[in-house]
file start15.cif (mmCIF, C-alpha atoms)
data_work
#
loop_
_atom_site.label_atom_id
_atom_site.label_comp_id
_atom_site.auth_asym_id
_atom_site.auth_seq_id
_atom_site.Cartn_x
_atom_site.Cartn_y
_atom_site.Cartn_z
CA MET A 94 0.00 0.00 0.00
CA ARG A 95 1.48 3.31 -1.01
CA LYS A 96 1.92 5.68 1.89
CA LEU A 97 -0.45 8.51 1.13
CA SER A 98 -2.43 10.69 3.48
CA LEU A 99 -6.13 10.01 3.61
CA LEU A 100 -8.70 12.76 3.84
CA LEU A 101 -12.38 12.23 4.41
CA VAL A 102 -13.89 15.28 2.79
CA GLY A 103 -17.30 16.11 4.12
CA ALA A 104 -20.19 17.95 2.64
CA ALA A 105 -18.25 21.16 2.33
CA LEU A 106 -15.06 23.04 1.84
CA GLY A 107 -14.48 25.94 4.18
CA ALA A 108 -14.35 29.62 3.41
CA GLY A 109 -11.07 29.75 5.22
CA SER A 110 -11.84 26.28 6.53
CA ALA A 111 -10.72 22.93 5.19
CA THR A 112 -8.85 19.83 6.35
CA VAL A 113 -5.91 17.85 4.99
CA ALA A 114 -2.87 15.88 6.02
CA THR A 115 -0.03 15.26 3.61
CA GLN A 116 3.04 13.19 3.07
CA THR A 117 5.48 13.40 0.18
CA SER A 118 4.64 10.84 -2.46
CA LEU A 119 4.66 10.24 -6.16
CA LEU A 120 1.59 10.40 -8.35
CA SER A 121 1.80 6.80 -9.43
CA SER A 122 0.04 3.50 -8.93
CA THR A 123 1.40 0.43 -7.21
CA SER A 124 1.15 -1.33 -10.55
CA ALA A 125 1.59 0.13 -14.00
CA ILE A 126 -1.50 0.03 -16.19
CA ALA A 127 -0.74 0.33 -19.88
CA ALA A 128 -2.76 2.94 -21.74
CA SER A 129 -4.64 1.75 -24.80
CA ALA A 130 -3.97 3.05 -28.28
CA ASP A 131 -7.32 4.86 -28.14
CA THR A 132 -6.23 6.65 -24.97
CA TYR A 133 -3.14 7.97 -26.72
CA ARG A 134 -5.32 9.17 -29.60
CA GLN A 135 -7.51 11.06 -27.11
CA LEU A 136 -4.44 12.64 -25.52
CA SER A 137 -3.30 13.69 -28.97
CA LEU A 138 -6.74 15.26 -29.49
CA PHE A 139 -6.31 17.17 -26.22
CA GLY A 140 -2.96 18.45 -27.46
CA ASP A 141 -4.53 19.62 -30.72
CA VAL A 142 -7.30 21.50 -28.89
CA PHE A 143 -4.84 23.04 -26.46
CA GLU A 144 -2.63 24.26 -29.31
CA LYS A 145 -5.63 25.71 -31.15
CA ILE A 146 -6.70 27.67 -28.05
CA ARG A 147 -3.13 28.79 -27.40
CA THR A 148 -2.64 30.20 -30.90
CA ASP A 149 -6.11 31.31 -32.04
CA TYR A 150 -8.14 32.37 -29.01
CA VAL A 151 -9.26 36.00 -29.24
CA GLU A 152 -7.02 36.97 -26.32
CA LYS A 153 -3.72 35.44 -25.27
CA PRO A 154 -4.61 32.81 -22.67
CA GLU A 155 -2.55 31.96 -19.59
CA GLU A 156 -1.31 28.53 -20.59
CA SER A 157 -0.74 27.25 -17.05
CA LYS A 158 -4.33 28.12 -16.17
CA LEU A 159 -5.57 26.23 -19.21
CA VAL A 160 -3.75 23.11 -18.07
CA GLU A 161 -4.93 23.49 -14.46
CA SER A 162 -8.52 23.93 -15.62
CA ALA A 163 -8.27 20.86 -17.82
CA ILE A 164 -6.89 18.82 -14.92
CA ASN A 165 -9.59 20.04 -12.56
CA GLY A 166 -12.28 19.35 -15.15
CA MET A 167 -11.01 15.80 -15.50
CA LEU A 168 -11.07 15.26 -11.73
CA THR A 169 -14.43 16.88 -11.02
CA SER A 170 -16.00 14.72 -13.73
CA LEU A 171 -15.21 11.65 -11.60
CA ASP A 172 -17.22 12.50 -8.49
CA PRO A 173 -18.07 15.56 -6.35
CA HIS A 174 -15.10 15.10 -4.02
CA SER A 175 -12.16 14.76 -6.43
CA SER A 176 -10.44 17.98 -7.49
CA TYR A 177 -7.15 19.73 -8.23
CA MET A 178 -5.55 22.18 -5.80
CA ASP A 179 -3.00 24.67 -7.00
CA ALA A 180 -0.02 25.47 -4.76
CA LYS A 181 -1.87 28.22 -2.87
CA SER A 182 -4.97 26.13 -2.23
CA PHE A 183 -2.82 23.24 -1.10
CA ARG A 184 -0.92 25.45 1.35
CA ASP A 185 -4.18 26.86 2.66
CA MET A 186 -5.51 23.39 3.33
CA GLN A 187 -2.33 22.41 5.16
CA VAL A 188 -2.67 25.46 7.39
CA GLN A 189 -6.38 24.95 8.00
CA THR A 190 -6.09 21.33 9.02
CA ARG A 191 -3.95 22.47 11.92
CA GLY A 192 -7.01 24.25 13.27
CA GLU A 193 -6.03 27.92 12.82
CA PHE A 194 -6.54 30.03 9.72
CA GLY A 195 -7.69 33.38 8.44
CA GLY A 196 -11.18 33.84 7.05
CA LEU A 197 -14.87 34.35 7.79
CA GLY A 198 -15.75 31.01 9.34
CA ILE A 199 -18.18 29.69 6.74
CA GLU A 200 -18.30 26.11 5.53
CA VAL A 201 -19.63 26.14 1.98
CA THR A 202 -20.31 23.93 -0.99
CA MET A 203 -21.05 24.57 -4.67
CA GLU A 204 -24.59 23.90 -5.83
CA ASP A 205 -25.98 24.74 -9.29
CA GLY A 206 -23.13 27.18 -9.87
CA LEU A 207 -23.72 29.08 -6.63
CA VAL A 208 -21.97 28.96 -3.28
CA LYS A 209 -24.25 27.52 -0.62
CA VAL A 210 -23.59 27.77 3.11
CA VAL A 211 -23.43 24.38 4.81
CA THR A 212 -22.93 25.87 8.24
CA PRO A 213 -21.29 28.88 9.87
CA ILE A 214 -18.55 27.91 12.33
CA ASP A 215 -19.40 28.76 15.92
CA GLU A 216 -18.03 32.03 17.34
CA THR A 217 -16.81 33.45 14.01
CA PRO A 218 -17.71 36.60 12.02
CA ALA A 219 -20.18 34.61 9.91
CA SER A 220 -21.93 33.14 12.93
CA ARG A 221 -22.16 36.49 14.72
CA ALA A 222 -23.53 38.19 11.60
CA GLY A 223 -26.41 35.71 11.43
CA VAL A 224 -25.35 33.76 8.32
CA LEU A 225 -27.42 30.55 8.25
CA ALA A 226 -27.09 27.08 6.79
CA ASN A 227 -28.59 26.87 3.26
CA ASP A 228 -28.01 30.60 2.59
CA VAL A 229 -26.85 31.12 -1.00
CA ILE A 230 -24.01 33.59 -1.52
CA THR A 231 -24.69 35.38 -4.80
CA GLN A 232 -22.09 38.17 -4.66
CA ILE A 233 -18.74 38.77 -2.98
CA ASP A 234 -17.68 42.42 -2.84
CA GLY A 235 -20.09 43.19 -5.66
CA GLU A 236 -18.84 40.42 -7.96
CA ASN A 237 -21.28 37.70 -9.01
CA VAL A 238 -20.36 34.26 -7.73
CA GLN A 239 -21.98 32.39 -10.62
CA GLY A 240 -19.26 31.34 -13.03
CA LEU A 241 -16.59 31.04 -10.35
CA SER A 242 -15.30 27.71 -9.12
CA LEU A 243 -15.72 26.89 -5.44
CA ASN A 244 -12.01 27.46 -4.82
CA GLN A 245 -12.17 30.86 -6.55
CA ALA A 246 -15.14 31.92 -4.46
CA VAL A 247 -13.49 30.72 -1.26
CA ASP A 248 -10.31 32.59 -2.18
CA LYS A 249 -12.29 35.83 -2.56
CA MET A 250 -13.75 35.41 0.91
CA ARG A 251 -10.28 35.03 2.39
CA GLY A 252 -7.93 37.91 2.97
CA PRO A 253 -5.83 39.77 5.52
CA VAL A 254 -7.04 39.77 9.11
CA ASN A 255 -9.10 42.91 9.94
CA SER A 256 -9.97 43.52 6.30
CA SER A 257 -13.65 43.56 5.32
CA VAL A 258 -15.75 41.77 2.75
CA ILE A 259 -19.37 42.33 1.74
CA LEU A 260 -21.51 39.28 0.96
CA LYS A 261 -24.87 39.38 -0.76
CA ILE A 262 -26.99 36.46 0.42
CA GLN A 263 -30.21 35.05 -0.97
CA ARG A 264 -32.27 33.32 1.70
CA LYS A 265 -34.93 30.94 0.43
CA GLU A 266 -38.38 32.51 0.25
CA ALA A 267 -36.98 35.90 1.28
CA LYS A 268 -38.11 38.62 -1.11
CA ASP A 269 -34.92 40.63 -1.19
CA PRO A 270 -31.27 39.60 -0.89
CA ILE A 271 -29.51 40.24 2.40
CA GLU A 272 -26.24 42.16 2.46
CA VAL A 273 -23.78 41.59 5.30
CA LYS A 274 -20.40 43.17 5.92
CA LEU A 275 -17.93 40.87 7.64
CA THR A 276 -14.50 41.61 9.06
CA ARG A 277 -12.02 38.81 8.54
CA GLU A 278 -10.46 37.29 11.64
CA THR A 279 -7.97 34.63 12.53
CA ILE A 280 -10.32 31.69 12.91
CA LYS A 281 -9.22 29.46 15.75
CA VAL A 282 -11.38 26.41 15.51
CA ARG A 283 -11.91 24.49 18.70
CA PRO A 284 -12.90 21.13 17.25
CA VAL A 285 -14.31 19.92 20.58
CA ARG A 286 -16.36 21.89 23.08
CA ALA A 287 -17.10 20.18 26.37
CA ARG A 288 -19.67 21.26 28.93
CA VAL A 289 -21.56 19.85 31.88
CA GLU A 290 -25.33 19.46 31.84
CA GLY A 291 -26.15 18.37 35.37
CA ASP A 292 -24.82 14.81 35.61
CA ILE A 293 -24.16 14.47 31.86
CA GLY A 294 -21.11 15.43 29.83
CA VAL A 295 -21.77 17.01 26.43
CA LEU A 296 -18.97 16.78 23.84
CA ARG A 297 -19.69 18.90 20.78
CA VAL A 298 -17.32 17.84 17.96
CA THR A 299 -17.41 20.39 15.12
CA GLN A 300 -14.78 18.91 12.80
CA PHE A 301 -11.96 16.39 12.62
CA ASN A 302 -8.66 18.27 12.41
CA GLU A 303 -5.30 17.49 13.98
CA GLN A 304 -6.46 18.63 17.43
CA THR A 305 -9.75 16.74 17.61
CA TYR A 306 -8.69 13.67 19.58
CA GLU A 307 -6.66 15.68 22.09
CA GLY A 308 -9.58 18.09 22.49
CA LEU A 309 -11.92 15.16 23.08
CA ARG A 310 -9.61 13.55 25.64
CA ALA A 311 -9.20 16.85 27.52
CA GLY A 312 -12.96 17.43 27.40
CA ILE A 313 -13.75 14.01 28.86
CA GLU A 314 -11.23 14.54 31.66
CA LYS A 315 -12.60 18.01 32.51
CA VAL A 316 -16.23 16.92 32.49
CA THR A 317 -15.48 13.84 34.59
CA ALA A 318 -13.59 15.95 37.13
CA ASP A 319 -16.33 18.60 37.28
CA ILE A 320 -19.18 16.12 37.80
CA GLY A 321 -17.30 13.41 39.68
CA ALA A 322 -16.45 10.07 38.11
CA ASP A 323 -19.02 8.18 40.19
CA LYS A 324 -21.80 10.68 39.40
CA VAL A 325 -21.52 10.85 35.58
CA LYS A 326 -24.67 9.36 34.01
CA GLY A 327 -23.16 9.32 30.54
CA PHE A 328 -21.92 11.38 27.62
CA VAL A 329 -23.56 13.00 24.60
CA ILE A 330 -21.30 13.10 21.52
CA ASP A 331 -22.83 15.79 19.33
CA LEU A 332 -21.75 15.31 15.70
CA ARG A 333 -24.57 17.30 14.12
CA ASN A 334 -23.52 19.43 11.16
CA ASN A 335 -19.95 18.13 11.45
CA PRO A 336 -18.78 17.89 7.81
CA GLY A 337 -15.88 15.49 8.49
CA GLY A 338 -12.12 15.73 8.26
CA LEU A 339 -9.15 13.48 8.84
CA LEU A 340 -9.50 9.70 8.77
CA ASP A 341 -6.93 9.10 11.52
CA GLN A 342 -8.78 11.46 13.84
CA ALA A 343 -12.10 9.68 13.20
CA ILE A 344 -10.39 6.40 14.09
CA MET A 345 -8.84 7.85 17.26
CA VAL A 346 -12.13 9.38 18.39
CA SER A 347 -13.93 6.07 17.86
CA ASP A 348 -11.14 4.25 19.68
CA ALA A 349 -11.58 6.58 22.66
CA PHE A 350 -14.81 4.74 23.49
CA LEU A 351 -13.92 1.19 22.41
CA ASP A 352 -11.71 -1.49 23.93
CA ARG A 353 -11.43 -3.74 20.90
CA GLY A 354 -12.99 -4.61 17.54
CA GLU A 355 -12.84 -3.13 14.07
CA ILE A 356 -13.53 0.57 13.73
CA VAL A 357 -13.60 0.97 9.95
CA SER A 358 -12.22 -0.62 6.79
CA THR A 359 -11.28 1.09 3.54
CA ARG A 360 -11.60 -0.81 0.27
CA SER A 361 -10.13 0.53 -2.92
CA ARG A 362 -10.00 -0.61 -6.53
CA ASN A 363 -7.30 -3.18 -5.79
CA PRO A 364 -8.32 -5.76 -3.17
CA GLU A 365 -4.75 -5.94 -1.83
CA ASP A 366 -5.03 -2.27 -0.78
CA THR A 367 -7.85 -2.99 1.67
CA GLN A 368 -7.08 -1.65 5.15
CA ARG A 369 -8.74 -2.44 8.46
CA PHE A 370 -8.41 -0.28 11.55
CA SER A 371 -9.09 -1.75 14.98
CA ALA A 372 -9.53 -0.35 18.48
CA LYS A 373 -6.89 -0.58 21.17
CA THR A 374 -7.58 -1.33 24.81
CA GLY A 375 -8.74 1.65 26.84
CA ASP A 376 -12.14 3.38 27.02
CA LEU A 377 -11.68 6.97 28.20
CA THR A 378 -15.18 7.03 29.70
CA LYS A 379 -14.81 3.70 31.56
CA GLY A 380 -17.86 2.26 29.84
CA LYS A 381 -20.27 5.11 30.62
CA PRO A 382 -23.43 5.13 28.44
CA LEU A 383 -23.15 7.16 25.23
CA VAL A 384 -25.57 8.92 22.92
CA VAL A 385 -24.34 10.08 19.51
CA LEU A 386 -26.34 12.86 17.83
CA VAL A 387 -26.33 13.09 14.01
CA ASN A 388 -28.36 14.91 11.37
CA GLY A 389 -28.34 15.70 7.66
CA GLY A 390 -25.17 17.77 8.05
CA SER A 391 -23.16 14.96 9.69
CA ALA A 392 -20.82 13.63 7.02
CA SER A 393 -17.78 11.50 6.36
CA ALA A 394 -15.56 11.22 9.46
CA SER A 395 -18.63 11.92 11.61
CA GLU A 396 -20.35 8.95 10.02
CA ILE A 397 -17.34 6.72 10.67
CA VAL A 398 -17.56 7.47 14.41
CA ALA A 399 -21.35 7.09 14.53
CA GLY A 400 -21.23 3.88 12.48
CA ALA A 401 -18.48 2.27 14.57
CA LEU A 402 -20.16 3.01 17.90
CA GLN A 403 -23.56 1.99 16.57
CA ASP A 404 -22.37 -1.34 15.10
CA HIS A 405 -20.61 -2.25 18.33
CA LYS A 406 -23.72 -1.23 20.29
CA ARG A 407 -21.44 1.03 22.29
CA ALA A 408 -23.69 4.05 21.74
CA THR A 409 -27.28 4.86 20.88
CA VAL A 410 -27.47 7.04 17.77
CA MET A 411 -30.21 9.69 17.82
CA GLY A 412 -31.35 12.46 15.49
CA THR A 413 -31.99 12.21 11.76
CA ARG A 414 -30.27 10.32 8.94
CA SER A 415 -26.73 11.49 8.21
CA PHE A 416 -25.37 12.91 4.94
CA GLY A 417 -24.17 9.63 3.42
CA LYS A 418 -20.61 10.32 2.27
CA GLY A 419 -18.88 6.96 2.32
CA SER A 420 -15.75 7.62 0.26
CA VAL A 421 -12.12 8.31 1.12
CA GLN A 422 -10.01 10.97 -0.57
CA THR A 423 -6.22 10.73 -0.89
CA ILE A 424 -4.24 13.94 -1.04
CA ILE A 425 -1.42 13.43 -3.56
CA PRO A 426 1.23 16.18 -3.60
CA LEU A 427 2.54 17.10 -7.04
CA ALA A 428 5.99 18.25 -8.10
CA GLY A 429 4.74 21.79 -8.76
CA ASN A 430 3.66 22.10 -5.11
CA GLY A 431 -0.02 21.66 -5.90
CA ALA A 432 -1.94 18.50 -5.09
CA VAL A 433 -4.65 16.19 -6.34
CA ARG A 434 -7.56 15.26 -4.11
CA LEU A 435 -8.61 11.89 -5.50
CA THR A 436 -11.30 9.52 -4.33
CA THR A 437 -9.40 6.26 -3.85
CA ALA A 438 -11.58 4.08 -1.64
CA ARG A 439 -14.93 3.51 -0.01
CA TYR A 440 -15.13 2.99 3.70
CA TYR A 441 -17.22 0.40 5.51
CA THR A 442 -18.55 0.28 9.06
CA PRO A 443 -17.53 -2.68 11.27
CA SER A 444 -20.56 -4.70 10.09
CA GLY A 445 -19.33 -4.36 6.49
CA THR A 446 -21.93 -1.74 5.54
CA SER A 447 -21.23 1.04 3.06
CA ILE A 448 -23.15 4.18 3.95
CA GLN A 449 -22.34 5.83 0.59
CA ALA A 450 -25.45 7.74 -0.59
CA LYS A 451 -27.44 6.11 2.23
CA GLY A 452 -26.17 7.58 5.48
CA ILE A 453 -26.36 6.38 9.05
CA THR A 454 -29.91 5.66 10.17
CA PRO A 455 -30.39 6.61 13.84
CA ASP A 456 -31.47 4.01 16.38
CA MET A 457 -33.99 6.60 17.53
CA GLU A 458 -35.23 9.22 15.09
CA VAL A 459 -35.89 12.53 16.82
CA LEU A 460 -37.25 15.41 14.74
CA GLN A 461 -36.84 19.06 15.61
CA ASP A 462 -39.61 21.65 15.62
CA ILE A 463 -38.75 23.73 12.55
CA PRO A 464 -39.61 27.45 12.69
CA ASP A 465 -42.12 28.51 10.05
CA ASP A 466 -39.61 30.75 8.28
CA LEU A 467 -37.16 27.83 7.90
CA LYS A 468 -39.56 25.05 6.88
CA GLY A 469 -38.41 23.48 3.63
CA LYS A 470 -34.98 25.07 4.02
CA ASP A 471 -33.67 22.76 6.73
CA GLU A 472 -33.30 19.67 4.53
CA THR A 473 -29.98 18.68 2.96
CA LYS A 474 -29.90 16.75 -0.31
CA GLY A 475 -27.29 14.42 1.10
CA GLU A 476 -24.65 12.59 -0.92
CA ALA A 477 -27.36 10.97 -3.06
CA GLY A 478 -28.38 14.45 -4.23
CA LEU A 479 -24.90 15.42 -5.47
CA ARG A 480 -24.39 15.23 -9.21
CA GLY A 481 -21.94 12.51 -10.19
CA HIS A 482 -21.81 10.83 -6.77
CA LEU A 483 -20.57 7.26 -6.46
CA GLN A 484 -23.44 4.83 -6.79
CA ASN A 485 -24.30 2.35 -4.06
CA GLY A 486 -26.66 -0.41 -5.12
CA GLY A 487 -28.64 1.71 -7.57
CA GLU A 488 -30.78 4.81 -7.14
CA LYS A 489 -33.71 2.86 -5.66
CA GLU A 490 -31.58 1.85 -2.68
CA GLU A 491 -30.10 5.29 -2.11
CA ARG A 492 -31.54 7.77 0.33
CA GLY A 493 -31.45 11.53 0.34
CA GLY A 494 -30.47 13.81 3.16
CA SER A 495 -32.47 14.91 6.16
CA SER A 496 -32.99 17.96 8.34
CA ALA A 497 -29.83 19.77 9.42
CA TYR A 498 -31.58 22.26 11.70
CA VAL A 499 -30.30 22.67 15.25
CA PRO A 500 -32.14 25.24 17.39
CA PRO A 501 -29.82 27.96 18.73
CA ASP A 502 -31.62 27.68 22.08
CA PRO A 503 -30.62 24.39 23.81
CA THR A 504 -33.90 24.40 25.76
CA LYS A 505 -35.74 23.96 22.43
CA ASP A 506 -33.33 21.32 21.07
CA LYS A 507 -35.52 18.20 21.07
CA GLN A 508 -32.65 15.92 20.03
CA LEU A 509 -30.40 17.10 22.84
CA ILE A 510 -33.24 16.88 25.36
CA ALA A 511 -34.02 13.33 24.17
CA ALA A 512 -30.38 12.38 24.72
CA TYR A 513 -30.51 13.70 28.30
CA GLU A 514 -33.72 11.80 28.99
CA PHE A 515 -32.27 8.60 27.57
CA LEU A 516 -29.10 8.76 29.65
CA ARG A 517 -31.07 9.53 32.82
CA GLY A 518 -33.43 6.63 32.26
CA GLU A 519 -36.42 8.87 31.60
CA ARG A 520 -36.93 7.69 28.02
CA LYS A 521 -37.96 4.30 26.62
CA GLY A 522 -35.00 1.99 26.04
CA ALA A 523 -32.77 4.13 28.23
CA ALA A 524 -29.35 2.93 29.37
CA ASN A 525 -28.67 4.89 32.54
CA THR A 526 -26.14 2.57 34.16
CA THR A 527 -22.46 2.03 33.52
CA THR A 528 -21.87 -0.95 31.26
CA THR A 529 -18.89 -3.14 30.53
CA ASN A 530 -17.43 -2.45 27.11
CA THR A 531 -17.51 -5.75 25.23
CA ALA A 532 -17.14 -4.43 21.71
CA THR A 533 -16.30 -7.02 19.08
CA ALA A 534 -16.40 -6.85 15.33
CA PRO A 535 -19.86 -8.05 14.18
CA ASN A 536 -20.02 -11.06 11.87
#

call {"tool": "encode", "arguments": {"input": "start15.cif", "output": "structure tokens"}}
result
Amino acid sequence: MRKLSLLLVGAALGAGSATVATQTSLLSSTSAIAASADTYRQLSLFGDVFEKIRTDYVEKPEESKLVESAINGMLTSLDPHSSYMDAKSFRDMQVQTRGEFGGLGIEVTMEDGLVKVVTPIDETPASRAGVLANDVITQIDGENVQGLSLNQAVDKMRGPVNSSVILKIQRKEAKDPIEVKLTRETIKVRPVRARVEGDIGVLRVTQFNEQTYEGLRAGIEKVTADIGADKVKGFVIDLRNNPGGLLDQAIMVSDAFLDRGEIVSTRSRNPEDTQRFSAKTGDLTKGKPLVVLVNGGSASASEIVAGALQDHKRATVMGTRSFGKGSVQTIIPLAGNGAVRLTTARYYTPSGTSIQAKGITPDMEVLQDIPDDLKGKDETKGEAGLRGHLQNGGEKEERGGSSAYVPPDPTKDKQLIAAYEFLRGERKGAANTTTTNTATAPN
């Protein structure tokens, strides 16, 4: 198996927010595959078209940009998560995965040629300005977004700290566009926020970057100390609207609650490249009951954690069906200092289930009360709704997304309240006693 870094890209790329881990490697396969004569003819055709554009286009084109665009077009035609990153984009991703970067704090995706907000990051300029999930950004500093690539739009939202940017936002069913002026900040993402709710520890995991596991470990220790180890009823692991991140962090977070058994397997085109990742001894919570919260914005690495704990019956999963991104991206550095993000494998939960375009189905579905002004705008399309997504058993077996709405007021958060009731034994099927962790890989 070639030593490449694996990235589980979630539903979005960040406006100043993304995740990656890299290692130096060559863009080559473990085994050479000879190109057919027809392939060489097609490459010759590409050369002819390139030369024609270079010599006859009405204005002198930038040849390097032509090549980059061709490469990116080739990659994006494969699936929604493969793409080309130029040197700047690659450097930005390397910085962002460390958990500190400059920007507005908006996680976005491209939909029908427009930039759509997946979620604003907590405690950032975007969040404070009232930017909401599913908002569509139509203009950046007066320039129309339509026609720009996602990377180009993200780049325009980045800039020096303390500089300003004006976004024009179209909110569904709103008559007029909303204009907001945001001041760029250094975004310090805390991937884990821990708090005490009576006798329950709440661990809100917002993304999987290089600090996630350490943040989780510290959060568990703090909550346990604050409540008292013998008084903790259990833990809520809140993965709602977490778009994913690094594979190794998803494995480590899952391992934090398991003593043994498979966590996840990745299966690529070549069977010999299959990898299985298993838990090591040591449950940081000492077997305390767990509830994992997911919704339509929980993707990728979030789904690995939810799937592993659900299959091992280590946690009860609550909320609504997750996004359904079951593929693994490899970041392949290139000689010119750019990189290719290439989908190289599917991942499978311990029971051997692929959640690609299907998502994680909660053990207990809990629906939120959606405000009238947000009804119809809270649903995500999910992986199955992305153009060109990897198929999984045919369209009839695929399932779309679900609600991604989380009330800003915790007292109105029905999913969070249900988790509390379950852990305290006040809800049907509750597990309010400490259990022995006997996780094993299901047959």

call {"tool": "residues_near_point", "arguments": {"input": "start15.cif", "point": "(-30.6, 6.6, 3.0)", "cutoff": "6 Å", "atoms": "all atoms listed in the file", "output": "PDB file with C-alpha atoms, in the coordinates of the input"}}
result
ATOM      1  CA  LYS A 451     -27.440   6.110   2.230  1.00  0.00           C
ATOM      2  CA  GLY A 452     -26.170   7.580   5.480  1.00  0.00           C
ATOM      3  CA  GLU A 491     -30.100   5.290  -2.110  1.00  0.00           C
ATOM      4  CA  ARG A 492     -31.540   7.770   0.330  1.00  0.00           C
ATOM      5  CA  GLY A 493     -31.450  11.530   0.340  1.00  0.00           C
TER       6      GLY A 493
END

call {"tool": "residues_near_point", "arguments": {"input": "start15.cif", "point": "(-25.7, 2.4, 20.4)", "cutoff": "9 Å", "atoms": "all atoms listed in the file", "output": "PDB file with C-alpha atoms, in the coordinates of the input"}}
result
ATOM      1  CA  PRO A 382     -23.430   5.130  28.440  1.00  0.00           C
ATOM      2  CA  LEU A 383     -23.150   7.160  25.230  1.00  0.00           C
ATOM      3  CA  VAL A 384     -25.570   8.920  22.920  1.00  0.00           C
ATOM      4  CA  VAL A 385     -24.340  10.080  19.510  1.00  0.00           C
ATOM      5  CA  ALA A 399     -21.350   7.090  14.530  1.00  0.00           C
ATOM      6  CA  LEU A 402     -20.160   3.010  17.900  1.00  0.00           C
ATOM      7  CA  GLN A 403     -23.560   1.990  16.570  1.00  0.00           C
ATOM      8  CA  ASP A 404     -22.370  -1.340  15.100  1.00  0.00           C
ATOM      9  CA  HIS A 405     -20.610  -2.250  18.330  1.00  0.00           C
ATOM     10  CA  LYS A 406     -23.720  -1.230  20.290  1.00  0.00           C
ATOM     11  CA  ARG A 407     -21.440   1.030  22.290  1.00  0.00           C
ATOM     12  CA  ALA A 408     -23.690   4.050  21.740  1.00  0.00           C
ATOM     13  CA  THR A 409     -27.280   4.860  20.880  1.00  0.00           C
ATOM     14  CA  VAL A 410     -27.470   7.040  17.770  1.00  0.00           C
ATOM     15  CA  MET A 411     -30.210   9.690  17.820  1.00  0.00           C
ATOM     16  CA  ASP A 456     -31.470   4.010  16.380  1.00  0.00           C
TER      17      ASP A 456
END

call {"tool": "resolve_selection", "arguments": {"input": "start15.cif", "expression": "the PyMOL selection byres ((chain A and resi 413) around 9)", "output": "list in words"}}
result
Leu386, Val387, Asn388, Gly389, Met411, Gly412, Arg414, Ser415, Ile453, Thr454, Pro455, Met457, Glu458, Val459, Leu460, Gly494, Ser495, Ser496 and Ala497 of chain A

call {"tool": "resolve_selection", "arguments": {"input": "start15.cif", "expression": "the PyMOL selection byres ((chain A and resi 204) around 12)", "output": "MDAnalysis selection string"}}
result
chainID A and resid 104:105 173 201:203 205:211 227:231 238:243 473:474 478:480

call {"tool": "resolve_selection", "arguments": {"input": "start15.cif", "expression": "the PyMOL selection byres ((chain A and resi 317-329) around 9)", "output": "PDB file with C-alpha atoms, keeping the file's coordinate frame"}}
result
ATOM      1  CA  VAL A 289     -21.560  19.850  31.880  1.00  0.00           C
ATOM      2  CA  GLY A 291     -26.150  18.370  35.370  1.00  0.00           C
ATOM      3  CA  ASP A 292     -24.820  14.810  35.610  1.00  0.00           C
ATOM      4  CA  ILE A 293     -24.160  14.470  31.860  1.00  0.00           C
ATOM      5  CA  GLY A 294     -21.110  15.430  29.830  1.00  0.00           C
ATOM      6  CA  VAL A 295     -21.770  17.010  26.430  1.00  0.00           C
ATOM      7  CA  LEU A 296     -18.970  16.780  23.840  1.00  0.00           C
ATOM      8  CA  ARG A 297     -19.690  18.900  20.780  1.00  0.00           C
ATOM      9  CA  GLY A 312     -12.960  17.430  27.400  1.00  0.00           C
ATOM     10  CA  ILE A 313     -13.750  14.010  28.860  1.00  0.00           C
ATOM     11  CA  GLU A 314     -11.230  14.540  31.660  1.00  0.00           C
ATOM     12  CA  LYS A 315     -12.600  18.010  32.510  1.00  0.00           C
ATOM     13  CA  VAL A 316     -16.230  16.920  32.490  1.00  0.00           C
ATOM     14  CA  ILE A 330     -21.300  13.100  21.520  1.00  0.00           C
ATOM     15  CA  ASP A 331     -22.830  15.790  19.330  1.00  0.00           C
ATOM     16  CA  THR A 378     -15.180   7.030  29.700  1.00  0.00           C
ATOM     17  CA  GLY A 380     -17.860   2.260  29.840  1.00  0.00           C
ATOM     18  CA  LYS A 381     -20.270   5.110  30.620  1.00  0.00           C
ATOM     19  CA  PRO A 382     -23.430   5.130  28.440  1.00  0.00           C
ATOM     20  CA  LEU A 383     -23.150   7.160  25.230  1.00  0.00           C
ATOM     21  CA  VAL A 384     -25.570   8.920  22.920  1.00  0.00           C
ATOM     22  CA  VAL A 385     -24.340  10.080  19.510  1.00  0.00           C
ATOM     23  CA  LEU A 386     -26.340  12.860  17.830  1.00  0.00           C
ATOM     24  CA  LEU A 509     -30.400  17.100  22.840  1.00  0.00           C
ATOM     25  CA  ALA A 512     -30.380  12.380  24.720  1.00  0.00           C
ATOM     26  CA  TYR A 513     -30.510  13.700  28.300  1.00  0.00           C
ATOM     27  CA  LEU A 516     -29.100   8.760  29.650  1.00  0.00           C
ATOM     28  CA  ARG A 517     -31.070   9.530  32.820  1.00  0.00           C
ATOM     29  CA  ALA A 524     -29.350   2.930  29.370  1.00  0.00           C
ATOM     30  CA  ASN A 525     -28.670   4.890  32.540  1.00  0.00           C
ATOM     31  CA  THR A 526     -26.140   2.570  34.160  1.00  0.00           C
ATOM     32  CA  THR A 527     -22.460   2.030  33.520  1.00  0.00           C
TER      33      THR A 527
END

call {"tool": "residues_around", "arguments": {"input": "start15.cif", "residues": "A:Leu159", "least_positions_apart": "2", "cutoff": "12 Å", "atoms": "all atoms listed in the file", "output": "MDAnalysis selection string"}}
result
chainID A and resid 139:140 142:147 150 153:157 161:166
